[in-house]
file start.txt (compact mmCIF, C-alpha atoms)
# COMPACT_ATOMS: atom_id res chain seq x y z
CA MET H 1 -21.06 132.89 54.64
CA GLU H 2 -17.80 133.79 56.24
CA THR H 3 -15.53 130.93 55.23
CA PRO H 4 -15.34 131.49 51.48
CA ASP H 5 -14.73 135.22 51.89
CA ARG H 6 -11.67 134.57 53.97
CA ILE H 7 -10.49 131.99 51.47
CA ARG H 8 -11.11 134.35 48.54
CA GLU H 9 -9.19 137.09 50.24
CA PHE H 10 -6.27 134.81 51.03
CA VAL H 11 -6.09 133.31 47.55
CA ARG H 12 -6.36 136.66 45.80
CA SER H 13 -3.77 138.37 47.92
CA ASN H 14 -1.26 135.53 47.64
CA LEU H 15 -1.39 134.70 43.96
CA ALA H 16 1.55 136.35 42.28
CA VAL H 17 -0.06 137.10 39.00
CA PHE H 18 -3.28 138.38 40.39
CA ASP H 19 -4.21 141.88 39.46
CA ASP H 20 -7.43 143.81 39.20
CA LYS H 21 -7.80 143.07 35.50
CA VAL H 22 -7.87 139.32 36.00
CA PHE H 23 -11.10 137.87 37.22
CA LEU H 24 -10.68 134.74 39.26
CA GLY H 25 -13.90 132.80 39.56
CA ASP H 26 -14.73 130.45 42.40
CA ASP H 27 -14.39 127.46 40.06
CA ASP H 28 -11.28 128.52 38.15
CA ASN H 29 -8.42 126.09 38.50
CA ILE H 30 -5.77 128.08 40.27
CA PHE H 31 -3.03 125.53 39.63
CA ALA H 32 -3.70 124.91 35.95
CA LEU H 33 -4.09 128.59 35.11
CA GLY H 34 -0.52 129.30 36.11
CA LEU H 35 -1.67 131.73 38.75
CA VAL H 36 0.26 130.08 41.51
CA ASP H 37 3.29 131.70 43.01
CA SER H 38 5.84 128.96 43.72
CA PHE H 39 5.39 128.09 47.35
CA PHE H 40 1.75 129.16 47.36
CA ALA H 41 0.84 125.57 48.24
CA ILE H 42 2.79 125.76 51.50
CA GLN H 43 1.22 129.09 52.40
CA LEU H 44 -2.24 127.80 51.52
CA ILE H 45 -2.00 124.75 53.78
CA ALA H 46 -0.58 126.86 56.63
CA PHE H 47 -3.43 129.32 56.15
CA ILE H 48 -6.11 126.61 56.25
CA GLU H 49 -4.60 125.05 59.38
CA GLU H 50 -4.21 128.32 61.24
CA GLU H 51 -7.29 130.17 60.09
CA PHE H 52 -9.75 127.30 60.60
CA GLY H 53 -7.96 125.36 63.31
CA LEU H 54 -7.76 122.24 61.16
CA LYS H 55 -5.11 119.62 60.72
CA VAL H 56 -4.54 118.81 57.08
CA ALA H 57 -3.45 115.16 56.96
CA ASP H 58 -1.01 113.80 54.42
CA SER H 59 -3.85 111.88 52.83
CA ASP H 60 -5.78 115.13 52.34
CA LEU H 61 -2.97 116.56 50.25
CA ASP H 62 -4.44 115.93 46.86
CA ILE H 63 -4.39 118.66 44.28
CA ALA H 64 -8.08 117.98 43.61
CA ASN H 65 -8.98 119.26 47.09
CA PHE H 66 -7.37 122.63 46.53
CA ASN H 67 -7.50 123.53 42.88
CA SER H 68 -10.24 126.14 43.05
CA MET H 69 -11.58 128.46 45.71
CA ARG H 70 -14.79 126.43 45.79
CA ARG H 71 -12.91 123.18 46.32
CA ILE H 72 -10.91 124.74 49.14
CA ALA H 73 -14.10 125.94 50.83
CA GLU H 74 -15.67 122.51 50.41
CA PHE H 75 -12.60 120.89 51.88
CA VAL H 76 -12.64 123.21 54.89
CA ASN H 77 -16.32 122.56 55.50
CA PHE H 78 -15.81 118.85 55.15
CA LYS H 79 -12.95 118.87 57.65
CA LYS H 80 -14.93 120.98 60.07
CA GLY H 81 -17.49 118.24 60.16
CA THR H 82 -20.16 120.19 58.38
CA ALA H 83 -20.44 117.57 55.74
CA ASP H 84 -23.17 119.47 53.93
CA VAL H 85 -21.37 121.37 51.26
CA LYS H 86 -22.45 124.96 51.39
CA GLN H 87 -22.63 127.28 48.46
CA LEU H 88 -19.99 129.92 48.11
CA MET Z 89 25.55 109.81 51.53
CA ASN Z 90 24.71 110.44 55.16
CA ILE Z 91 21.59 111.16 57.06
CA MET Z 92 22.09 114.30 59.06
CA ASN Z 93 22.48 113.54 62.71
CA GLU Z 94 25.60 115.34 63.81
CA ILE Z 95 25.45 118.51 65.86
CA LYS Z 96 24.33 121.36 63.68
CA GLU Z 97 26.47 124.26 62.70
CA ILE Z 98 25.50 127.64 64.13
CA LYS Z 99 24.01 130.02 61.58
CA CYS Z 100 23.55 133.06 63.82
CA VAL Z 101 25.08 134.32 67.06
CA VAL Z 102 22.75 136.55 69.09
CA TRP Z 103 24.63 138.91 71.41
CA ASP Z 104 23.73 140.68 74.58
CA LEU Z 105 25.48 144.07 74.73
CA ASP Z 106 26.38 145.20 78.27
CA ARG Z 107 29.27 143.22 79.70
CA THR Z 108 29.04 140.85 76.76
CA LEU Z 109 29.74 142.48 73.38
CA TRP Z 110 31.25 145.43 75.21
CA ASP Z 111 32.65 146.05 78.65
CA GLY Z 112 30.58 148.19 81.00
CA ILE Z 113 26.91 149.16 81.20
CA LEU Z 114 25.82 151.77 78.67
CA LEU Z 115 22.86 153.27 80.52
CA GLU Z 116 24.80 153.59 83.75
CA GLY Z 117 27.05 156.05 81.98
CA ASP Z 118 30.08 153.76 81.88
CA PRO Z 119 32.62 154.64 79.19
CA VAL Z 120 31.78 151.49 77.24
CA SER Z 121 33.93 150.21 74.44
CA ILE Z 122 33.98 147.16 72.20
CA PRO Z 123 37.39 145.57 72.76
CA PRO Z 124 39.40 144.75 69.62
CA VAL Z 125 39.19 141.05 70.43
CA MET Z 126 35.39 141.24 70.16
CA SER Z 127 35.47 143.25 66.91
CA ASN Z 128 37.75 140.59 65.57
CA ILE Z 129 35.40 137.79 66.62
CA ILE Z 130 32.46 139.52 64.93
CA LYS Z 131 34.37 140.01 61.69
CA THR Z 132 35.92 136.55 61.67
CA LEU Z 133 32.60 134.77 62.19
CA ASP Z 134 31.09 136.97 59.49
CA GLN Z 135 33.78 135.80 57.07
CA ARG Z 136 32.85 132.23 57.93
CA GLY Z 137 29.29 132.97 56.83
CA ILE Z 138 27.85 133.13 60.35
CA LEU Z 139 25.35 135.90 60.95
CA HIS Z 140 25.08 138.17 64.00
CA SER Z 141 22.15 139.70 65.78
CA ILE Z 142 21.46 141.37 69.13
CA ALA Z 143 19.08 140.71 72.01
CA SER Z 144 19.70 143.41 74.58
CA LYS Z 145 17.60 145.24 77.14
CA ASN Z 146 18.77 148.72 76.37
CA ASP Z 147 17.95 152.03 74.76
CA HIS Z 148 17.84 151.25 71.04
CA LYS Z 149 19.15 154.59 69.80
CA ALA Z 150 22.01 154.90 72.27
CA ALA Z 151 23.08 151.31 71.75
CA MET Z 152 23.06 151.52 67.94
CA GLU Z 153 25.06 154.77 68.10
CA LYS Z 154 27.68 153.00 70.18
CA ILE Z 155 27.87 150.10 67.73
CA HIS Z 156 28.11 152.58 64.85
CA GLU Z 157 31.00 154.32 66.63
CA PHE Z 158 32.94 151.06 66.35
CA GLY Z 159 31.98 150.57 62.70
CA LEU Z 160 30.07 147.35 63.37
CA ASP Z 161 26.46 148.39 62.72
CA GLU Z 162 26.32 146.65 59.31
CA TYR Z 163 27.20 143.35 60.95
CA PHE Z 164 24.03 142.91 63.00
CA LEU Z 165 20.84 141.77 61.30
CA TYR Z 166 17.43 142.44 62.82
CA PRO Z 167 18.82 143.67 66.18
CA GLU Z 168 16.32 143.47 69.06
CA ILE Z 169 17.20 146.25 71.47
CA ASN Z 170 14.20 146.83 73.71
CA TRP Z 171 12.79 145.83 77.09
CA ASN Z 172 11.03 142.64 76.03
CA ALA Z 173 11.84 139.15 77.27
CA LYS Z 174 14.89 137.93 75.39
CA SER Z 175 13.11 134.70 74.47
CA SER Z 176 10.62 136.75 72.44
CA SER Z 177 13.40 138.87 70.91
CA ILE Z 178 15.12 135.68 69.80
CA ALA Z 179 11.87 134.26 68.41
CA ARG Z 180 11.59 137.38 66.23
CA ILE Z 181 15.20 137.11 65.06
CA ARG Z 182 14.64 133.43 64.25
CA ASP Z 183 11.52 134.26 62.23
CA ASN Z 184 13.10 137.21 60.44
CA LEU Z 185 16.11 135.16 59.39
CA ASN Z 186 13.92 132.11 58.73
CA ILE Z 187 16.29 129.71 60.50
CA ASP Z 188 15.73 127.04 63.15
CA ALA Z 189 16.27 127.75 66.85
CA ASP Z 190 18.82 124.94 67.06
CA SER Z 191 21.13 126.83 64.73
CA ILE Z 192 21.23 129.89 67.02
CA MET Z 193 23.79 130.61 69.73
CA PHE Z 194 22.97 133.15 72.45
CA VAL Z 195 25.73 134.89 74.41
CA ASP Z 196 24.87 136.76 77.62
CA ASP Z 197 26.63 137.49 80.94
CA GLU Z 198 23.43 137.11 83.01
CA PRO Z 199 22.55 133.55 84.08
CA TYR Z 200 18.95 134.69 84.47
CA GLU Z 201 18.72 135.75 80.81
CA ARG Z 202 20.32 132.55 79.58
CA ASP Z 203 17.89 130.48 81.65
CA GLU Z 204 14.90 132.49 80.46
CA VAL Z 205 15.91 131.95 76.82
CA GLN Z 206 16.71 128.29 77.39
CA SER Z 207 13.37 127.65 79.12
CA VAL Z 208 11.52 128.79 76.00
CA HIS Z 209 13.95 127.64 73.31
CA GLY Z 210 15.35 124.32 74.54
CA ASP Z 211 17.40 123.88 71.35
CA ILE Z 212 19.38 127.10 71.52
CA MET Z 213 22.98 126.93 72.63
CA CYS Z 214 23.45 129.46 75.45
CA VAL Z 215 26.97 130.65 76.25
CA ASP Z 216 28.25 132.60 79.24
CA ALA Z 217 29.89 135.87 78.18
CA ARG Z 218 32.87 134.92 80.34
CA ASP Z 219 33.73 132.43 77.58
CA ARG Z 220 33.34 134.97 74.80
CA GLU Z 221 37.01 135.08 73.86
CA ASN Z 222 37.11 131.35 73.18
CA LEU Z 223 34.21 131.33 70.74
CA LEU Z 224 36.26 131.18 67.56
CA ALA Z 225 37.51 127.72 68.49
CA LEU Z 226 34.09 126.14 69.00
CA THR Z 227 33.33 123.35 66.56
CA ARG Z 228 29.83 124.59 65.93
CA LEU Z 229 31.25 127.95 64.85
CA ASN Z 230 33.66 126.37 62.39
CA PRO Z 231 31.66 125.46 59.30
CA ARG Z 232 33.00 122.60 57.24
CA PHE Z 233 32.87 124.75 54.14
CA VAL Z 234 33.41 128.41 53.65
CA THR Z 235 32.28 129.23 50.14
CA GLU Z 236 31.82 132.39 48.17
CA ASP Z 237 28.16 132.13 49.09
CA SER Z 238 28.88 131.94 52.82
CA GLN Z 239 31.06 135.04 52.68
CA ARG Z 240 28.31 136.95 50.90
CA ARG Z 241 25.57 135.68 53.20
CA ARG Z 242 25.18 138.84 55.30
CA GLN Z 243 25.09 141.04 52.19
CA MET Z 244 22.34 138.83 50.81
CA TYR Z 245 20.29 139.27 53.96
CA LEU Z 246 20.84 143.03 53.79
CA SER Z 247 19.54 143.09 50.18
CA GLU Z 248 16.66 140.96 51.37
CA MET Z 249 15.81 143.51 54.06
CA THR Z 250 15.83 146.32 51.49
CA ARG Z 251 13.65 144.25 49.20
CA LYS Z 252 11.15 143.54 51.98
CA ARG Z 253 10.92 147.22 52.88
CA VAL Z 254 10.29 148.16 49.25
CA GLU Z 255 7.67 145.41 48.99
CA ASP Z 256 5.86 146.68 52.10
CA GLU Z 257 5.73 150.17 50.59
CA PHE Z 258 4.63 148.89 47.17
CA SER Z 259 0.90 149.39 46.68
CA GLY Z 260 0.19 147.72 43.32
CA PRO Z 261 -0.45 144.03 42.61
CA ARG Z 262 2.13 141.54 43.78
CA SER Z 263 2.92 140.50 40.22
CA GLU Z 264 3.94 144.08 39.40
CA PHE Z 265 6.15 144.21 42.43
CA LEU Z 266 7.83 140.92 41.49
CA ALA Z 267 8.28 142.12 37.90
CA SER Z 268 9.88 145.33 39.18
CA MET Z 269 12.58 143.27 40.89
CA ARG Z 270 13.96 142.18 37.48
CA MET Z 271 14.79 138.70 38.72
CA ARG Z 272 17.10 136.44 36.71
CA PHE Z 273 16.88 132.78 37.57
CA THR Z 274 19.58 130.56 36.07
CA ILE Z 275 19.59 126.76 35.97
CA THR Z 276 22.81 125.03 34.98
CA LYS Z 277 24.49 121.68 35.39
CA ALA Z 278 26.81 121.89 38.37
CA THR Z 279 30.51 121.97 37.61
CA GLU Z 280 33.38 121.21 39.92
CA LYS Z 281 33.59 124.77 41.20
CA ASP Z 282 29.97 124.50 42.42
CA LEU Z 283 30.50 121.37 44.47
CA GLN Z 284 31.45 122.93 47.79
CA ARG Z 285 28.37 125.11 47.68
CA ALA Z 286 26.27 122.13 46.59
CA GLN Z 287 27.56 120.14 49.54
CA GLU Z 288 26.92 123.10 51.84
CA LEU Z 289 23.33 123.34 50.60
CA THR Z 290 22.67 119.69 51.44
CA VAL Z 291 23.92 120.30 54.98
CA ARG Z 292 22.29 123.67 55.65
CA THR Z 293 18.87 123.21 54.09
CA ASN Z 294 16.27 121.61 56.33
CA GLN Z 295 12.72 122.70 55.57
CA LEU Z 296 12.83 122.84 51.80
CA ASN Z 297 14.69 119.58 51.36
CA THR Z 298 13.03 116.45 49.99
CA THR Z 299 15.27 113.86 51.67
CA GLY Z 300 17.72 115.46 54.14
CA ARG Z 301 20.46 113.34 52.58
CA THR Z 302 23.89 114.88 52.64
CA TYR Z 303 26.58 114.02 50.13
CA THR Z 304 30.34 114.12 50.22
CA TYR Z 305 32.34 116.19 47.78
CA ASP Z 306 33.50 113.03 46.03
CA GLU Z 307 30.02 111.60 45.70
CA LEU Z 308 28.84 114.84 44.10
CA LYS Z 309 31.85 114.82 41.82
CA GLU Z 310 30.87 111.34 40.62
CA TYR Z 311 27.39 112.65 39.80
CA ILE Z 312 28.66 115.50 37.64
CA ARG Z 313 30.73 113.01 35.64
CA SER Z 314 28.02 110.38 35.42
CA PRO Z 315 26.12 110.24 32.11
CA ARG Z 316 23.17 108.83 34.04
CA HIS Z 317 22.80 111.83 36.36
CA ASP Z 318 22.12 115.53 36.13
CA LEU Z 319 23.20 117.59 39.11
CA LEU Z 320 21.38 120.87 38.60
CA ILE Z 321 22.15 124.05 40.49
CA CYS Z 322 20.34 127.36 40.25
CA GLU Z 323 21.12 130.91 41.11
CA LEU Z 324 19.16 134.09 41.44
CA GLU Z 325 19.86 137.76 41.16
CA ASP Z 326 17.66 140.82 41.13
CA LYS Z 327 18.14 144.55 41.06
CA TYR Z 328 19.09 144.56 44.74
CA GLY Z 329 21.89 142.11 44.34
CA PHE Z 330 22.95 138.55 43.94
CA TYR Z 331 21.33 135.86 46.05
CA GLY Z 332 23.88 133.27 45.05
CA LYS Z 333 23.31 129.59 44.44
CA ILE Z 334 20.01 128.87 46.07
CA GLY Z 335 18.80 125.50 44.84
CA LEU Z 336 19.98 122.04 43.94
CA ALA Z 337 18.53 118.94 42.32
CA LEU Z 338 19.91 115.52 41.54
CA VAL Z 339 18.11 113.76 38.70
CA GLU Z 340 18.86 110.18 37.79
CA ILE Z 341 18.23 109.59 34.10
CA GLY Z 342 16.86 106.10 33.52
CA ALA Z 343 15.77 104.44 30.31
CA ASP Z 344 12.12 105.28 30.85
CA CYS Z 345 12.18 107.45 33.94
CA HIS Z 346 13.68 110.62 35.40
CA HIS Z 347 14.12 109.99 39.11
CA LEU Z 348 14.52 113.04 41.32
CA ARG Z 349 16.82 111.84 44.11
CA LEU Z 350 17.18 115.19 45.83
CA PHE Z 351 15.54 118.56 45.48
CA LEU Z 352 16.22 121.43 47.81
CA MET Z 353 15.84 125.18 47.87
CA SER Z 354 17.37 127.64 50.30
CA CYS Z 355 14.74 129.02 52.67
CA ARG Z 356 15.74 132.55 51.72
CA VAL Z 357 13.81 132.26 48.46
CA MET Z 358 10.51 131.45 50.18
CA SER Z 359 9.06 134.91 49.69
CA LEU Z 360 10.53 135.58 46.26
CA GLY Z 361 8.08 133.60 44.14
CA VAL Z 362 10.81 131.44 42.63
CA GLY Z 363 10.71 128.37 44.86
CA THR Z 364 9.24 125.91 42.40
CA VAL Z 365 10.85 127.17 39.18
CA LEU Z 366 13.48 124.44 39.33
CA LEU Z 367 10.87 121.75 40.01
CA THR Z 368 8.77 123.09 37.14
CA ASN Z 369 11.80 122.86 34.87
CA ILE Z 370 12.43 119.26 35.94
CA MET Z 371 8.79 118.39 35.19
CA HIS Z 372 8.99 120.01 31.75
CA ARG Z 373 12.25 118.20 30.92
CA ALA Z 374 10.84 114.81 31.88
CA LYS Z 375 7.77 115.45 29.75
CA GLN Z 376 9.89 116.57 26.77
CA SER Z 377 12.05 113.49 26.99
CA GLY Z 378 8.97 111.28 27.01
CA ARG Z 379 9.95 109.67 30.31
CA ARG Z 380 8.09 109.26 33.57
CA LEU Z 381 9.00 111.43 36.56
CA ARG Z 382 9.53 109.93 39.98
CA ALA Z 383 10.85 111.54 43.15
CA ASP Z 384 12.19 110.32 46.48
CA PHE Z 385 10.76 111.79 49.64
CA ARG Z 386 11.99 111.08 53.14
CA ASN Z 387 10.20 112.62 56.13
CA THR Z 388 12.87 114.28 58.28
CA GLY Z 389 10.39 115.77 60.73
CA ARG Z 390 10.94 119.27 59.41
CA ASN Z 391 10.45 119.07 55.68
CA ARG Z 392 6.66 118.85 55.43
CA PRO Z 393 6.66 122.02 53.25
CA MET Z 394 8.38 119.98 50.56
CA TYR Z 395 5.86 117.16 50.87
CA ILE Z 396 3.05 119.69 50.42
CA THR Z 397 4.86 121.15 47.41
CA PHE Z 398 5.14 117.72 45.79
CA LYS Z 399 1.54 116.74 46.49
CA LEU Z 400 0.08 119.99 45.23
CA SER Z 401 2.29 119.73 42.15
CA ASN Z 402 0.31 116.56 41.42
CA PHE Z 403 2.82 113.99 42.63
CA LYS Z 404 1.16 110.84 43.99
CA GLU Z 405 2.56 108.22 46.28
CA ALA Z 406 3.73 105.25 44.22
CA GLU Z 407 5.81 103.18 46.63
CA SER Z 408 6.96 103.23 50.21
CA THR Z 409 9.91 101.38 51.65
CA GLU Z 410 10.16 99.76 55.04
CA ALA Z 411 12.41 102.57 56.19
CA GLY Z 412 9.49 104.93 55.61
CA GLU Z 413 10.88 106.50 52.47
CA LEU Z 414 8.45 107.32 49.74
CA VAL Z 415 8.65 107.29 46.00
CA LEU Z 416 6.23 109.72 44.40
CA GLU Z 417 5.24 109.75 40.77
CA ASN Z 418 3.92 112.56 38.61
CA ASP Z 419 1.92 111.68 35.49
CA LEU Z 420 2.83 115.14 34.13
CA SER Z 421 -0.77 115.78 33.10
CA ILE Z 422 -0.61 119.20 34.79
CA LEU Z 423 2.47 121.15 33.79
CA PRO Z 424 2.67 124.48 35.56
CA PRO Z 425 3.95 127.35 33.42
CA TYR Z 426 6.91 129.48 34.51
CA PRO Z 427 6.14 132.73 36.30
CA ALA Z 428 5.99 135.65 33.90
CA TYR Z 429 7.75 138.01 36.29
CA LEU Z 430 11.25 136.57 35.96
CA ASP Z 431 13.84 135.87 33.31
CA LEU Z 432 14.65 132.20 33.20
CA ILE Z 433 17.95 131.11 31.76
CA VAL Z 434 18.38 127.37 31.36
CA SER Z 435 21.62 125.97 30.05
CA VAL Z 436 21.35 122.25 30.56
CA ALA Z 437 22.28 119.89 27.78
CA HIS Z 438 19.83 117.05 27.67
CA GLY Z 439 21.05 113.86 29.31
call {"tool": "encode", "arguments": {"input": "start.txt", "output": "structure tokens"}}
result
Amino acid sequence: METPDRIREFVRSNLAVFDDKVFLGDDDNIFALGLVDSFFAIQLIAFIEEEFGLKVADSDLDIANFNSMRRIAEFVNFKKGTADVKQL
Amino acid sequence: MNIMNEIKEIKCVVWDLDRTLWDGILLEGDPVSIPPVMSNIIKTLDQRGILHSIASKNDHKAAMEKIHEFGLDEYFLYPEINWNAKSSSIARIRDNLNIDADSIMFVDDEPYERDEVQSVHGDIMCVDARDRENLLALTRLNPRFVTEDSQRRRQMYLSEMTRKRVEDEFSGPRSEFLASMRMRFTITKATEKDLQRAQELTVRTNQLNTTGRTYTYDELKEYIRSPRHDLLICELEDKYGFYGKIGLALVEIGADCHHLRLFLMSCRVMSLGVGTVLLTNIMHRAKQSGRRLRADFRNTGRNRPMYITFKLSNFKEAESTEAGELVLENDLSILPPYPAYLDLIVSVAHG
């Protein structure tokens, strides 16, 4: 499936502390692990809106929707109206 | 405290070249020269902390050589000298400098070019080159404060350009690149000598500003004396130079609560991976003091990035006022660590 690959690529290339030695799993909490580069959140929301043509509403802005690559993919699928949550 | 509604100060003047910055038309073989009055305008505005750029339909090499001849090449950031529509040149300058269109002034002798730019960027102030010699007197080109930081502004952008080029050429992980910058991030309580810059930050910062409130010098002075407030200011330097004072926060210290009344960061630090260090520090301090952390947020129409930052730092909406202002609260259950790639120096006595 295409969506999670694009999300993986974005997350991995924009996390400051990411390097080849660190494995970031689809369920790892990217905020709690200290992997996040300051304004990563702003970049992430801009990426989701541009890449998938979605509008992220204020009420969607809950850390729980974005704290792992799987949650981000689920959120994107949910917003796209494909309510069935697909596997990564 | 005021809500910003006055006409905004100009941050960058974008110049046409032929018959605007200089007399004559370069490619028609005219003996063009930049008159001393124009050199003086460029240098004077630069001293006031106003940046310069170029949008000219011309031969890039020939035009830059001419500017170099007059010793002004270091004054123009991200010059756009090509055959593209000037509206698109200006859009690139705006994006490269990371400023809003309504803080740009465009000077050109051709009505057609001014109209073309205006039709795309309604907020830009377009000026006829015939008026060029009167520019220094314009209100919008006379900032209320000229601080050490404003005078260094162009140098900071030049270091930023070097840094970006090095980053583009860097092939390892981003963390290694950031570590190689040897960044030093300092958080201190503001003192009286910081107040002009603090005031300037509240006026100039739009996107990364939680309330858009501006404060007078005297109001800020009260806060640095008040035992119930911490006015925090931070500065950044790296191996390419000094970025100056780039962030500000006003924390009200209550009996059981730290209340963040204002938090702002200069847009220049967006790409440097240091944007939330100050917020992280404020979260850690509230946790250490055993108090709750609350924060004001006021939607100014352009500061959604700050709302996103709060929400994805685990702030939740606690209250909203009739005026549409929000109070957010953070239960401090998720405390982000500081980035490993910078040296953090905090000298803030606990209030």
call {"tool": "atom_distance", "arguments": {"input": "start.txt", "atom1": "atom CA of Z:Ser247", "atom2": "atom CA of Z:Gly329"}}
result
6.4 Å
call {"tool": "atom_distance", "arguments": {"input": "start.txt", "atom1": "atom CA of H:Phe31", "atom2": "atom CA of Z:Phe258"}}
result
25.7 Å
call {"tool": "atom_distance", "arguments": {"input": "start.txt", "atom1": "atom CA of Z:His156", "atom2": "atom CA of Z:Ile142"}}
result
13.7 Å
call {"tool": "closest_atom_pairs", "arguments": {"input": "start.txt", "of": "chain Z", "to": "chain H", "cutoff": "8 Å", "atoms": "only C-alpha atoms", "output": "CSV"}}
result
residue,atom,partner,partner_atom,distance
Z:Pro261,CA,H:Asp19,CA,5.4
Z:Arg262,CA,H:Ala16,CA,5.4
Z:Ser263,CA,H:Val17,CA,4.7
Z:Leu266,CA,H:Ala16,CA,7.8
Z:Met358,CA,H:Phe39,CA,6.7
Z:Gly361,CA,H:Ser38,CA,5.2
Z:Val362,CA,H:Ser38,CA,5.7
Z:Gly363,CA,H:Ser38,CA,5.0
Z:Thr364,CA,H:Ser38,CA,4.8
Z:Val365,CA,H:Ser38,CA,7.0
Z:Pro393,CA,H:Ile42,CA,5.7
Z:Ile396,CA,H:Ile42,CA,6.2
Z:Thr397,CA,H:Ala41,CA,6.0
Z:Lys399,CA,H:Leu61,CA,5.9
Z:Leu400,CA,H:Ile63,CA,4.8
Z:Ser401,CA,H:Ile63,CA,7.1
Z:Asn402,CA,H:Ile63,CA,5.9
Z:Ile422,CA,H:Ala32,CA,6.6
Z:Leu423,CA,H:Ala32,CA,7.5
Z:Pro424,CA,H:Gly34,CA,5.8
Z:Pro425,CA,H:Gly34,CA,5.6
Z:Tyr426,CA,H:Gly34,CA,7.6
Z:Pro427,CA,H:Asp37,CA,7.4
call {"tool": "residues_around", "arguments": {"input": "start.txt", "residues": "Z:Tyr303", "least_positions_apart": "6", "cutoff": "12 Å", "atoms": "only C-alpha atoms", "output": "PyMOL selection string"}}
result
chain Z and resi 89-92+283-292+309-311+338+349-350
call {"tool": "write_last_selection", "arguments": {"input": "start.txt", "atoms": "C-alpha atoms", "output": "PDB file, in the frame of the given file"}}
result
ATOM      1  CA  MET Z  89      25.550 109.810  51.530  1.00  0.00           C
ATOM      2  CA  ASN Z  90      24.710 110.440  55.160  1.00  0.00           C
ATOM      3  CA  ILE Z  91      21.590 111.160  57.060  1.00  0.00           C
ATOM      4  CA  MET Z  92      22.090 114.300  59.060  1.00  0.00           C
ATOM      5  CA  LEU Z 283      30.500 121.370  44.470  1.00  0.00           C
ATOM      6  CA  GLN Z 284      31.450 122.930  47.790  1.00  0.00           C
ATOM      7  CA  ARG Z 285      28.370 125.110  47.680  1.00  0.00           C
ATOM      8  CA  ALA Z 286      26.270 122.130  46.590  1.00  0.00           C
ATOM      9  CA  GLN Z 287      27.560 120.140  49.540  1.00  0.00           C
ATOM     10  CA  GLU Z 288      26.920 123.100  51.840  1.00  0.00           C
ATOM     11  CA  LEU Z 289      23.330 123.340  50.600  1.00  0.00           C
ATOM     12  CA  THR Z 290      22.670 119.690  51.440  1.00  0.00           C
ATOM     13  CA  VAL Z 291      23.920 120.300  54.980  1.00  0.00           C
ATOM     14  CA  ARG Z 292      22.290 123.670  55.650  1.00  0.00           C
ATOM     15  CA  LYS Z 309      31.850 114.820  41.820  1.00  0.00           C
ATOM     16  CA  GLU Z 310      30.870 111.340  40.620  1.00  0.00           C
ATOM     17  CA  TYR Z 311      27.390 112.650  39.800  1.00  0.00           C
ATOM     18  CA  LEU Z 338      19.910 115.520  41.540  1.00  0.00           C
ATOM     19  CA  ARG Z 349      16.820 111.840  44.110  1.00  0.00           C
ATOM     20  CA  LEU Z 350      17.180 115.190  45.830  1.00  0.00           C
TER      21      LEU Z 350
END
call {"tool": "closest_residue", "arguments": {"input": "start.txt", "among": "Z:Trp110, Z:Arg380, Z:Arg373, Z:Gly300", "to": "Z:Glu413", "atoms": "all atoms listed in the file"}}
result
Z:Gly300
call {"tool": "closest_residue", "arguments": {"input": "start.txt", "among": "Z:Val254, Z:Ile122, Z:Val234, Z:Ile187", "to": "Z:Arg390", "atoms": "all atoms listed in the file"}}
result
Z:Ile187
call {"tool": "closest_residue", "arguments": {"input": "start.txt", "among": "H:Glu9, H:Glu51, H:Ile72, H:Val56", "to": "H:Ile30", "atoms": "only C-alpha atoms"}}
result
H:Ile72
